[in-house]
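Chemist: First, the structure itself, so that you have it in front of you.
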Amino acid sequence: MATVYTASRLAVLVACRAPSSCCSSSGRSTRVPLRAKMGTRKKVQAFVRVRPTDDFAHEMIKYGEDNKSIDIHLKKDTRRGVVNNQQTDWSFRLDGVLHDASQDLVYETVAKDAVSQALDGYNGTIMCYGQTGAGKTYTMTGATENYKHRGILPRALQQVFRMIEERPTHAITVRVSYLEIYNENLFDLLSTLPYVGPSVTPMTIVENPQGIFIKGLSVHLTSQEEDAFSLLFEGETNRIIASHTMNKNSSRSHCIFTIYMEAHSRTLSDEKYITSKINLVDLAGSERLSKTGSEGRVLKEATYINKSLSFLEQAIIALGDQSRDHIPFRQSKLTHALKDSLGGNCNMVLVTNIYGEATQLDETLSSLRFASRMRLVTTEPAINEKYDAERMVKNLEKELALLKQELAIHDSLSNRTLVNYDPMDEIQIAEINSQVRRYLEGTLDEIDIINLRQIQEVFNQFRVVLSQQEQEVESALRRKYTLIDKNDFAAISAVQKVGLMDVEGNLVGEPDGQSFGLGVAPFSVKPGKKPKIKKTPKDQFRPSTPPSRTVAFEEFKNERGSEINRIFKENKSILNERKKRASETTQRINAIKQEIDETKDALNFQKSLREKQGEYENKGLMIIDEEEFLLILKLKDLKKQYRNEYQELRDLRAEIQYCQRLVDQCRHRLLMEFDIWYNESFMIPEDIQVALKLGSSIRPGLVPISRIVCLGEDDQDRFSHLQQTVLPEGPDSITFYNAKVKTDQKHNYMKTMVGLQQSHRK
């Protein structure tokens with residue numbers, strides 16, 4: 001259930017000290033990325049957010065004047081007698097207390113700096129921890145139905161894309177992933193997307209020198225804010241929730257939404273670039289089974305949740321103890337996945353959500369103790385700088401070529417080589433023209449530069465060749481097509497009279513989008529007659545019994561899916577050709593390897609024979625016979641052939657992997673389009689199809705449930721109304737609501753198609 005917070009301004013600062021190192025090879029944190037700039041050590045920031053309530057325990061919970069401390073006071077239990085050593089007072093020092101704070105203030109206080117520094121190359125982690133129902137998910141995600149009540153996660157996405165727009169000098173790539181840990185199992189919340197699909201093998205956590213990597217987790221490229229929101233909403237709909245006495249919509253799993261960023265400079269040709277990531281962690285809430293009354297599946301989930309949170313607390317205690325050499329990260333999937341976030345090279349922020357009611361003081365104390373322990377953990381934020389090896393090689397090759405050219409020019413100016421400054425004759429110009437043509441065709445890798453006059457003539461010949469190619473293309477088009485200037489109204493009128501152009505000025509054919517209209521009229525089109533249009537299965541008489549999917553699939557591949565099927569066949573043909581070449585290369589490698597082994601055996605035999613007969617030396621050099629020398633040369637040549645063939649095999653395997661992915665994507669797209677076509681053609685009742693066709697502009701494959709259940713106000717009407725009422729108050733919310741509407745439409749359509757299939761079976 002969404003909780004509304006009111007605004008109250010707080011001043012939140014953090015005092016940092018520099019304790020001893022928290023990173024060791026024994027497992028305290030992961031290694032920093034390649035060439036990371038080391039920063040200063042700082043403590044983890046810990047904030048507390050109190051859930052608003054009408055029954056706040058004012059006598060038991062007190063806030064410090066600086067809003068950076070909480071004091072808890074409990075009355076002594078008189079039933080324990082006169083000698084009673086029960087502790088009744090606690091005081092917790094924090095980086096800030098958020099009481100009656102709005103979502104805007106929470107983000108400004110907790111997350112804005114960490115997200116801002118992420119674009120400068122610093123990793124960041126923001127984690128929400130607390131008792132079930134205390135407001136963790138509301139703080140992290142917020143209410144997706146209301147833009148004003150959005151949480152840290154959508155606001156972080158907005159800030160990232162806003163800052164990218166303010167940095168035109170850098171090309172910044174953004175990718176996202178959404179991981180769920182449910183009952184100690186890893187799940188990809190974005191696997192329901194049509195181009196991803198479920199993983200065949202279970203997901204695993206892998207460690208490498210760059211940090212923690214989740215094998216099998218899909219990472220999605222997002223080029224704009226709306227796409228990122230769509231992925232967020234897609235993952236939110238797949239989260240596992242349940243209801244108990246403490247929370248009607250309780251999250252039953254830990255979720256980690258990660259934003260990956262990679263920034264390259266547009267102005268500098270430097271091979272150095274920076275990478276960073278932001279982990280936004282929404283932990284499942286700890287539960288007291290006596291209060292939640294959980295049973296069955298919910299009880300099992302609560303057991304796993306409490307167990308993983310207990311292991312998390314053990315890891316935090318170990319990180320805060322500087323004398324500990326081993327940190328138990330591998331006790332649970334949660335701590336293992338967050339290994340490079342807890343005490344690593346990142347900006348770490350904890351938001352502890354608590355209740356302010358007297359009945360929940362036991363859990364509140366437990367959450368505050370966790371926050372205090374987290375403040376003892378130190379991190380060492382560092383800029384993650386990496387080097388693009390391919391760009392580095394290209395820059396070095398470019399610099400080497402430039403130095404060679406400068407040396408040649410210097411030699412020419414110093415009269416160390418013969419430099420011809422006379423005007424070029426026709427033979428020399430023809431040779432340069434030939435070199436330019438071969439360079440453009442790819443048969444010549446580079447054109448040697450001799451002097452300035454030759455450079456000028458090379459550029460001149462480039463212009464000549466380009467002009468000739470344009471004339472050749474236009475001549476070829478004129479031989480095959482009729483070219484009509486769109487500004488020549490007399491020619492257009494004449495073409496309309498013979499039926500090659502309609503009254504709206506559209507040619508029969510495909511326009512090229514430039515100054516000429518281009519098209520060829522089919523033979524079936526004659527003046528005064530309308531071309532026959534082939535009817536689709538939906539326009540023809542609909543059979544009472546749908547055809548089998550096998551028969552329908554063949555029909556679909558020949559008609560509506562012909563283009564996708566053609567691309568699928570082409571990609572598959574290329575894949576088979578690459579596999580055949582890889583097989584032939586493998587056979588050649590095996591043959592070369594066998595010949596290398598035979599040559600080594602023969603060479604060893606010659607060496608042993610030479611040792612038996614006695615070795616001869618001349619001026620300290622070993623003398624060998626001609627046969628042994630030829631074997632050495634042959635072995636060297638075979639090894640060179642082996643390396644070349646092996647490199648070719650590696651390249652072919654990379655091409656095969658890429659082609660296989662294209663084939664799989666085409667196959668999935670073909671089957672998905674067929675399902676949409678089959679359902680719309682044979683599964684949707686005819687009366688509903690007639691209703692949808694009346695004034696409808698719905699494209700194939702998009703039939704919202706609102707259009708099938710009710711032909712009144714549709715999603716577009718509601719969105720227009722939403723624009724008029726909500727957007728004036730929040731102009732930046734357009735991408736947020738766009739993504740929400742598209743996600744709802746998709747899931748409504750999927751529900752509708754399932755319902756139609758079930759009704760058809762009945």
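Just so we're on the same page: first chain in the structure tokens is A, next is B, and so on; residues restart at 1 for each chain, and ligands are numbered from 1 in the order they show up.
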Do a neighbour search on Asp664 of chain A at 12 Å with only C-alpha atoms, toss out local chain neighbours closer than 4 positions, and write the hits as a PyMOL selection string.
Modeler: chain A and resi 194-197+567-569+571-572+575+657-660+668-671
Chemist: Env of Met127 of chain A: 7 Å cut, atoms = only C-alpha atoms, seq-sep filter 4 positions within chain, self excluded. Answer as a ChimeraX atom specification.
Modeler: /A:280-282,349-351
Chemist: Excluding Lys636 of chain A and any residue of its chain fewer than 6 positions from it, enumerate the residues within 12 Å of it, using only C-alpha atoms, and give them as a list in words.
Modeler: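 Surrounding residues, per the criterion: Ile592, Glu595, Ile596, Thr599, Lys600, Leu603, Phe629, Leu630, Tyr642 and Arg643 of chain A.
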Chemist: Write a file of the just-selected residues containing all heavy atoms, as a PDB file, in the first residue's frame.
Modeler:
```pdb
ATOM      1  N   ILE A 592      47.955 -30.004 -39.843  1.00  0.00           N
ATOM      2  CA  ILE A 592      49.215 -29.302 -39.567  1.00  0.00           C
ATOM      3  C   ILE A 592      49.801 -29.777 -38.244  1.00  0.00           C
ATOM      4  O   ILE A 592      51.017 -29.970 -38.110  1.00  0.00           O
ATOM      5  CB  ILE A 592      48.970 -27.780 -39.553  1.00  0.00           C
ATOM      6  CG1 ILE A 592      48.579 -27.291 -40.952  1.00  0.00           C
ATOM      7  CG2 ILE A 592      50.205 -27.035 -39.073  1.00  0.00           C
ATOM      8  CD1 ILE A 592      48.171 -25.833 -41.004  1.00  0.00           C
ATOM      9  N   GLU A 595      51.470 -33.020 -38.741  1.00  0.00           N
ATOM     10  CA  GLU A 595      52.737 -32.859 -39.455  1.00  0.00           C
ATOM     11  C   GLU A 595      53.799 -32.261 -38.547  1.00  0.00           C
ATOM     12  O   GLU A 595      54.989 -32.603 -38.638  1.00  0.00           O
ATOM     13  CB  GLU A 595      52.523 -31.963 -40.680  1.00  0.00           C
ATOM     14  CG  GLU A 595      53.686 -31.991 -41.658  1.00  0.00           C
ATOM     15  CD  GLU A 595      53.372 -31.276 -42.960  1.00  0.00           C
ATOM     16  OE1 GLU A 595      52.204 -30.839 -43.126  1.00  0.00           O
ATOM     17  OE2 GLU A 595      54.276 -31.146 -43.799  1.00  0.00           O
ATOM     18  N   ILE A 596      53.384 -31.345 -37.641  1.00  0.00           N
ATOM     19  CA  ILE A 596      54.336 -30.768 -36.679  1.00  0.00           C
ATOM     20  C   ILE A 596      54.894 -31.857 -35.777  1.00  0.00           C
ATOM     21  O   ILE A 596      56.107 -31.912 -35.501  1.00  0.00           O
ATOM     22  CB  ILE A 596      53.651 -29.659 -35.855  1.00  0.00           C
ATOM     23  CG1 ILE A 596      53.415 -28.420 -36.719  1.00  0.00           C
ATOM     24  CG2 ILE A 596      54.488 -29.289 -34.640  1.00  0.00           C
ATOM     25  CD1 ILE A 596      52.652 -27.320 -36.016  1.00  0.00           C
ATOM     26  N   THR A 599      57.371 -33.923 -37.721  1.00  0.00           N
ATOM     27  CA  THR A 599      58.619 -33.192 -37.940  1.00  0.00           C
ATOM     28  C   THR A 599      59.453 -33.142 -36.665  1.00  0.00           C
ATOM     29  O   THR A 599      60.690 -33.258 -36.696  1.00  0.00           O
ATOM     30  CB  THR A 599      58.310 -31.773 -38.427  1.00  0.00           C
ATOM     31  OG1 THR A 599      57.480 -31.832 -39.588  1.00  0.00           O
ATOM     32  CG2 THR A 599      59.590 -31.027 -38.777  1.00  0.00           C
ATOM     33  N   LYS A 600      58.789 -32.938 -35.509  1.00  0.00           N
ATOM     34  CA  LYS A 600      59.517 -32.932 -34.237  1.00  0.00           C
ATOM     35  C   LYS A 600      60.186 -34.274 -33.975  1.00  0.00           C
ATOM     36  O   LYS A 600      61.336 -34.331 -33.505  1.00  0.00           O
ATOM     37  CB  LYS A 600      58.555 -32.598 -33.094  1.00  0.00           C
ATOM     38  CG  LYS A 600      58.169 -31.130 -33.021  1.00  0.00           C
ATOM     39  CD  LYS A 600      57.262 -30.874 -31.811  1.00  0.00           C
ATOM     40  CE  LYS A 600      56.921 -29.401 -31.683  1.00  0.00           C
ATOM     41  NZ  LYS A 600      56.037 -29.149 -30.510  1.00  0.00           N
ATOM     42  N   LEU A 603      63.169 -34.512 -36.176  1.00  0.00           N
ATOM     43  CA  LEU A 603      64.227 -33.622 -35.708  1.00  0.00           C
ATOM     44  C   LEU A 603      64.917 -34.189 -34.467  1.00  0.00           C
ATOM     45  O   LEU A 603      66.148 -34.123 -34.333  1.00  0.00           O
ATOM     46  CB  LEU A 603      63.632 -32.246 -35.405  1.00  0.00           C
ATOM     47  CG  LEU A 603      64.628 -31.134 -35.055  1.00  0.00           C
ATOM     48  CD1 LEU A 603      65.617 -30.907 -36.198  1.00  0.00           C
ATOM     49  CD2 LEU A 603      63.879 -29.837 -34.738  1.00  0.00           C
ATOM     50  N   PHE A 629      68.906 -29.028 -40.669  1.00  0.00           N
ATOM     51  CA  PHE A 629      68.592 -27.616 -40.901  1.00  0.00           C
ATOM     52  C   PHE A 629      67.269 -27.455 -41.644  1.00  0.00           C
ATOM     53  O   PHE A 629      66.444 -26.586 -41.317  1.00  0.00           O
ATOM     54  CB  PHE A 629      69.736 -26.973 -41.691  1.00  0.00           C
ATOM     55  CG  PHE A 629      69.499 -25.528 -42.018  1.00  0.00           C
ATOM     56  CD1 PHE A 629      69.559 -24.558 -41.018  1.00  0.00           C
ATOM     57  CD2 PHE A 629      69.200 -25.134 -43.322  1.00  0.00           C
ATOM     58  CE1 PHE A 629      69.339 -23.219 -41.326  1.00  0.00           C
ATOM     59  CE2 PHE A 629      68.966 -23.810 -43.623  1.00  0.00           C
ATOM     60  CZ  PHE A 629      69.044 -22.844 -42.619  1.00  0.00           C
ATOM     61  N   LEU A 630      67.018 -28.299 -42.636  1.00  0.00           N
ATOM     62  CA  LEU A 630      65.750 -28.227 -43.378  1.00  0.00           C
ATOM     63  C   LEU A 630      64.561 -28.581 -42.484  1.00  0.00           C
ATOM     64  O   LEU A 630      63.470 -28.008 -42.614  1.00  0.00           O
ATOM     65  CB  LEU A 630      65.809 -29.165 -44.589  1.00  0.00           C
ATOM     66  CG  LEU A 630      66.795 -28.763 -45.687  1.00  0.00           C
ATOM     67  CD1 LEU A 630      66.824 -29.821 -46.792  1.00  0.00           C
ATOM     68  CD2 LEU A 630      66.414 -27.396 -46.277  1.00  0.00           C
ATOM     69  N   TYR A 642      50.229 -22.931 -38.444  1.00  0.00           N
ATOM     70  CA  TYR A 642      49.305 -23.324 -37.368  1.00  0.00           C
ATOM     71  C   TYR A 642      48.719 -22.090 -36.667  1.00  0.00           C
ATOM     72  O   TYR A 642      47.526 -22.016 -36.399  1.00  0.00           O
ATOM     73  CB  TYR A 642      50.049 -24.207 -36.364  1.00  0.00           C
ATOM     74  CG  TYR A 642      49.177 -24.718 -35.230  1.00  0.00           C
ATOM     75  CD1 TYR A 642      48.432 -25.882 -35.384  1.00  0.00           C
ATOM     76  CD2 TYR A 642      49.107 -24.032 -34.024  1.00  0.00           C
ATOM     77  CE1 TYR A 642      47.626 -26.351 -34.344  1.00  0.00           C
ATOM     78  CE2 TYR A 642      48.316 -24.484 -32.989  1.00  0.00           C
ATOM     79  CZ  TYR A 642      47.578 -25.652 -33.153  1.00  0.00           C
ATOM     80  OH  TYR A 642      46.775 -26.101 -32.134  1.00  0.00           O
ATOM     81  N   ARG A 643      49.594 -21.115 -36.388  1.00  0.00           N
ATOM     82  CA  ARG A 643      49.106 -19.896 -35.730  1.00  0.00           C
ATOM     83  C   ARG A 643      48.118 -19.142 -36.614  1.00  0.00           C
ATOM     84  O   ARG A 643      47.084 -18.648 -36.133  1.00  0.00           O
ATOM     85  CB  ARG A 643      50.292 -19.001 -35.363  1.00  0.00           C
ATOM     86  CG  ARG A 643      51.106 -19.499 -34.175  1.00  0.00           C
ATOM     87  CD  ARG A 643      52.055 -18.421 -33.680  1.00  0.00           C
ATOM     88  NE  ARG A 643      53.057 -18.075 -34.692  1.00  0.00           N
ATOM     89  CZ  ARG A 643      54.253 -18.641 -34.785  1.00  0.00           C
ATOM     90  NH1 ARG A 643      54.606 -19.594 -33.931  1.00  0.00           N
ATOM     91  NH2 ARG A 643      55.103 -18.277 -35.713  1.00  0.00           N
TER      92      ARG A 643
END
```
Chemist: Where does DSSP see strand (DSSP E) in segment 258-335 of chain A, if you list the residues as a ChimeraX atom specification?
Modeler: /A:258-265,272-282
Chemist: Any chance you could export the current selection's N, CA and C atoms as a compact mmCIF listing (two decimals), in the first residue's frame?
Modeler:
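The file below, out08.txt, is the result:
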```txt
# COMPACT_ATOMS: atom_id res chain seq x y z
N THR A 258 20.41 -2.51 -11.30
CA THR A 258 21.75 -1.99 -11.53
C THR A 258 21.77 -1.14 -12.79
N ILE A 259 22.37 0.05 -12.69
CA ILE A 259 22.57 0.95 -13.82
C ILE A 259 24.06 0.95 -14.16
N TYR A 260 24.40 0.49 -15.36
CA TYR A 260 25.80 0.46 -15.81
C TYR A 260 26.03 1.64 -16.76
N MET A 261 27.15 2.35 -16.58
CA MET A 261 27.47 3.49 -17.43
C MET A 261 28.90 3.37 -17.95
N GLU A 262 29.09 3.80 -19.19
CA GLU A 262 30.40 3.79 -19.83
C GLU A 262 30.53 5.08 -20.62
N ALA A 263 31.55 5.88 -20.32
CA ALA A 263 31.70 7.22 -20.91
C ALA A 263 32.99 7.31 -21.71
N HIS A 264 32.88 7.69 -23.00
CA HIS A 264 34.01 7.94 -23.88
C HIS A 264 34.01 9.42 -24.28
N SER A 265 35.17 9.99 -24.35
CA SER A 265 35.28 11.40 -24.73
C SER A 265 35.08 11.55 -26.23
N LYS A 272 41.54 6.05 -23.22
CA LYS A 272 41.07 5.88 -21.85
C LYS A 272 39.59 6.26 -21.74
N TYR A 273 38.82 5.44 -21.00
CA TYR A 273 37.41 5.75 -20.75
C TYR A 273 37.08 5.31 -19.33
N ILE A 274 35.93 5.76 -18.84
CA ILE A 274 35.54 5.44 -17.46
C ILE A 274 34.26 4.63 -17.46
N THR A 275 34.15 3.75 -16.47
CA THR A 275 32.94 2.95 -16.29
C THR A 275 32.49 3.07 -14.84
N SER A 276 31.22 2.84 -14.62
CA SER A 276 30.68 2.87 -13.26
C SER A 276 29.35 2.15 -13.24
N LYS A 277 28.88 1.85 -12.05
CA LYS A 277 27.57 1.22 -11.90
C LYS A 277 26.95 1.67 -10.59
N ILE A 278 25.62 1.69 -10.58
CA ILE A 278 24.85 2.05 -9.40
C ILE A 278 23.96 0.86 -9.05
N ASN A 279 24.14 0.30 -7.87
CA ASN A 279 23.28 -0.77 -7.38
C ASN A 279 22.19 -0.17 -6.49
N LEU A 280 20.94 -0.37 -6.87
CA LEU A 280 19.81 0.11 -6.08
C LEU A 280 19.13 -1.13 -5.50
N VAL A 281 19.29 -1.34 -4.20
CA VAL A 281 18.93 -2.60 -3.54
C VAL A 281 17.68 -2.39 -2.68
N ASP A 282 16.65 -3.17 -2.98
CA ASP A 282 15.43 -3.18 -2.16
C ASP A 282 15.37 -4.53 -1.46
```
Chemist: Near Leu179 of chain A, within 7 Å and counting only C-alpha atoms, which residues show up once chain neighbours fewer than 5 positions away are dropped, as a compact mmCIF listing (two decimals) with N, CA, C and O atoms, in the first residue's frame?
Modeler:
```txt
# COMPACT_ATOMS: atom_id res chain seq x y z
N PHE A 187 16.87 -14.93 -10.08
CA PHE A 187 15.93 -14.81 -11.19
C PHE A 187 16.15 -13.48 -11.89
O PHE A 187 16.47 -12.46 -11.26
N ASP A 188 15.98 -13.51 -13.22
CA ASP A 188 16.07 -12.29 -14.03
C ASP A 188 14.66 -11.73 -14.21
O ASP A 188 13.82 -12.34 -14.87
N LEU A 189 14.40 -10.57 -13.64
CA LEU A 189 13.06 -9.97 -13.71
C LEU A 189 12.74 -9.44 -15.10
O LEU A 189 11.59 -9.09 -15.38
N CYS A 255 15.70 -7.51 -4.29
CA CYS A 255 15.83 -7.09 -5.68
C CYS A 255 16.97 -6.07 -5.82
O CYS A 255 17.12 -5.18 -4.97
N ILE A 256 17.74 -6.23 -6.88
CA ILE A 256 18.88 -5.34 -7.15
C ILE A 256 18.73 -4.82 -8.58
O ILE A 256 18.88 -5.57 -9.55
N PHE A 257 18.43 -3.54 -8.71
CA PHE A 257 18.37 -2.87 -10.02
C PHE A 257 19.71 -2.16 -10.23
O PHE A 257 20.10 -1.32 -9.43
```
Chemist: Applying 12 Å and only C-alpha atoms, which residues near Leu268 of chain A remain after dropping the ones on its own chain fewer than 5 positions away? List them as a list in words.
Modeler: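 My reading of the contact set: Thr169, His170, Ala171, Tyr273, Arg391 and Asn395 of chain A.
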Chemist: What's the 12 Å shell around Asp597 of chain A, counting only C-alpha atoms, without same-chain residues fewer than 4 positions away, as a ChimeraX atom specification?
Modeler: /A:590-593,601-604,631,634-635,638-639
Chemist: Kindly export the residues of the current selection with N, CA, C and O atoms, as a PDB file, in the first residue's frame.
Modeler:
```pdb
ATOM      1  N   ASN A 590      44.256 -29.737 -37.670  1.00  0.00           N
ATOM      2  CA  ASN A 590      44.619 -31.081 -37.207  1.00  0.00           C
ATOM      3  C   ASN A 590      45.706 -31.697 -38.084  1.00  0.00           C
ATOM      4  O   ASN A 590      46.628 -32.363 -37.577  1.00  0.00           O
ATOM      5  N   ALA A 591      45.584 -31.447 -39.401  1.00  0.00           N
ATOM      6  CA  ALA A 591      46.605 -31.997 -40.302  1.00  0.00           C
ATOM      7  C   ALA A 591      47.966 -31.344 -40.050  1.00  0.00           C
ATOM      8  O   ALA A 591      49.012 -32.018 -40.031  1.00  0.00           O
ATOM      9  N   ILE A 592      47.955 -30.004 -39.843  1.00  0.00           N
ATOM     10  CA  ILE A 592      49.215 -29.302 -39.567  1.00  0.00           C
ATOM     11  C   ILE A 592      49.801 -29.777 -38.244  1.00  0.00           C
ATOM     12  O   ILE A 592      51.017 -29.970 -38.110  1.00  0.00           O
ATOM     13  N   LYS A 593      48.930 -29.987 -37.248  1.00  0.00           N
ATOM     14  CA  LYS A 593      49.408 -30.458 -35.948  1.00  0.00           C
ATOM     15  C   LYS A 593      50.055 -31.833 -36.072  1.00  0.00           C
ATOM     16  O   LYS A 593      51.112 -32.108 -35.466  1.00  0.00           O
ATOM     17  N   ASP A 601      59.457 -35.367 -34.280  1.00  0.00           N
ATOM     18  CA  ASP A 601      60.040 -36.697 -34.084  1.00  0.00           C
ATOM     19  C   ASP A 601      61.281 -36.875 -34.972  1.00  0.00           C
ATOM     20  O   ASP A 601      62.319 -37.397 -34.515  1.00  0.00           O
ATOM     21  N   ALA A 602      61.161 -36.442 -36.225  1.00  0.00           N
ATOM     22  CA  ALA A 602      62.305 -36.572 -37.138  1.00  0.00           C
ATOM     23  C   ALA A 602      63.472 -35.713 -36.682  1.00  0.00           C
ATOM     24  O   ALA A 602      64.648 -36.117 -36.763  1.00  0.00           O
ATOM     25  N   LEU A 603      63.169 -34.512 -36.176  1.00  0.00           N
ATOM     26  CA  LEU A 603      64.227 -33.622 -35.708  1.00  0.00           C
ATOM     27  C   LEU A 603      64.917 -34.189 -34.467  1.00  0.00           C
ATOM     28  O   LEU A 603      66.148 -34.123 -34.333  1.00  0.00           O
ATOM     29  N   ASN A 604      64.134 -34.756 -33.571  1.00  0.00           N
ATOM     30  CA  ASN A 604      64.724 -35.382 -32.382  1.00  0.00           C
ATOM     31  C   ASN A 604      65.602 -36.564 -32.765  1.00  0.00           C
ATOM     32  O   ASN A 604      66.661 -36.801 -32.142  1.00  0.00           O
ATOM     33  N   LEU A 631      64.784 -29.541 -41.573  1.00  0.00           N
ATOM     34  CA  LEU A 631      63.706 -29.891 -40.646  1.00  0.00           C
ATOM     35  C   LEU A 631      63.367 -28.716 -39.719  1.00  0.00           C
ATOM     36  O   LEU A 631      62.197 -28.471 -39.402  1.00  0.00           O
ATOM     37  N   LYS A 634      61.379 -26.268 -41.724  1.00  0.00           N
ATOM     38  CA  LYS A 634      60.035 -26.789 -41.958  1.00  0.00           C
ATOM     39  C   LYS A 634      59.169 -26.658 -40.705  1.00  0.00           C
ATOM     40  O   LYS A 634      57.993 -26.279 -40.769  1.00  0.00           O
ATOM     41  N   LEU A 635      59.759 -26.944 -39.533  1.00  0.00           N
ATOM     42  CA  LEU A 635      59.011 -26.838 -38.281  1.00  0.00           C
ATOM     43  C   LEU A 635      58.595 -25.388 -38.008  1.00  0.00           C
ATOM     44  O   LEU A 635      57.470 -25.118 -37.567  1.00  0.00           O
ATOM     45  N   LEU A 638      55.713 -24.594 -40.323  1.00  0.00           N
ATOM     46  CA  LEU A 638      54.471 -25.256 -39.901  1.00  0.00           C
ATOM     47  C   LEU A 638      53.855 -24.547 -38.698  1.00  0.00           C
ATOM     48  O   LEU A 638      52.624 -24.406 -38.606  1.00  0.00           O
ATOM     49  N   LYS A 639      54.686 -24.111 -37.758  1.00  0.00           N
ATOM     50  CA  LYS A 639      54.157 -23.397 -36.596  1.00  0.00           C
ATOM     51  C   LYS A 639      53.510 -22.079 -37.006  1.00  0.00           C
ATOM     52  O   LYS A 639      52.478 -21.674 -36.456  1.00  0.00           O
TER      53      LYS A 639
END
```
Chemist: Tell me, in Å to one decimal, how far atom CA of Ala143 of chain A is from atom CA of Val115 of chain A.
Modeler: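 One can read the atom CA of Ala143 of chain A to atom CA of Val115 of chain A distance as 20.8 Å.
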Chemist: Just the residues within 9 Å of Phe370 of chain A, please, counting only C-alpha atoms, with nothing from its chain fewer than 5 positions along; format it as a count of residues only.
Modeler: 7
Chemist: What gap, in Å, lies between atom CA of Arg41 of chain A and atom CA of Asp66 of chain A?
Modeler: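 Computed distance, atom CA of Arg41 of chain A to atom CA of Asp66 of chain A, equals 24.7 Å.
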Chemist: Please, what distance in Å, to one decimal, runs between atom CA of Gly216 of chain A and atom CA of Thr201 of chain A?
Modeler: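 Those two atoms sit 7.7 Å apart.
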Chemist: So, with only C-alpha atoms as the atoms that count, which of A:Leu609, A:Ile676, A:Val551, A:Ile656 lies closest to Lys579 of chain A?
Modeler: A:Ile656
Chemist: Determine the nearest neighbour of Leu376 of chain A from the options A:Gln587, A:Gln322, A:Gln331, A:Gln468, counting only C-alpha atoms.
Modeler: A:Gln322
Chemist: Go through A:Glu673, A:Arg667, A:Val436, A:Lys740 and flag the residue nearest Phe556 of chain A, using only C-alpha atoms for the distances.
Modeler: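 Nearest candidate to Phe556 of chain A out of A:Glu673, A:Arg667, A:Val436, A:Lys740: A:Glu673.
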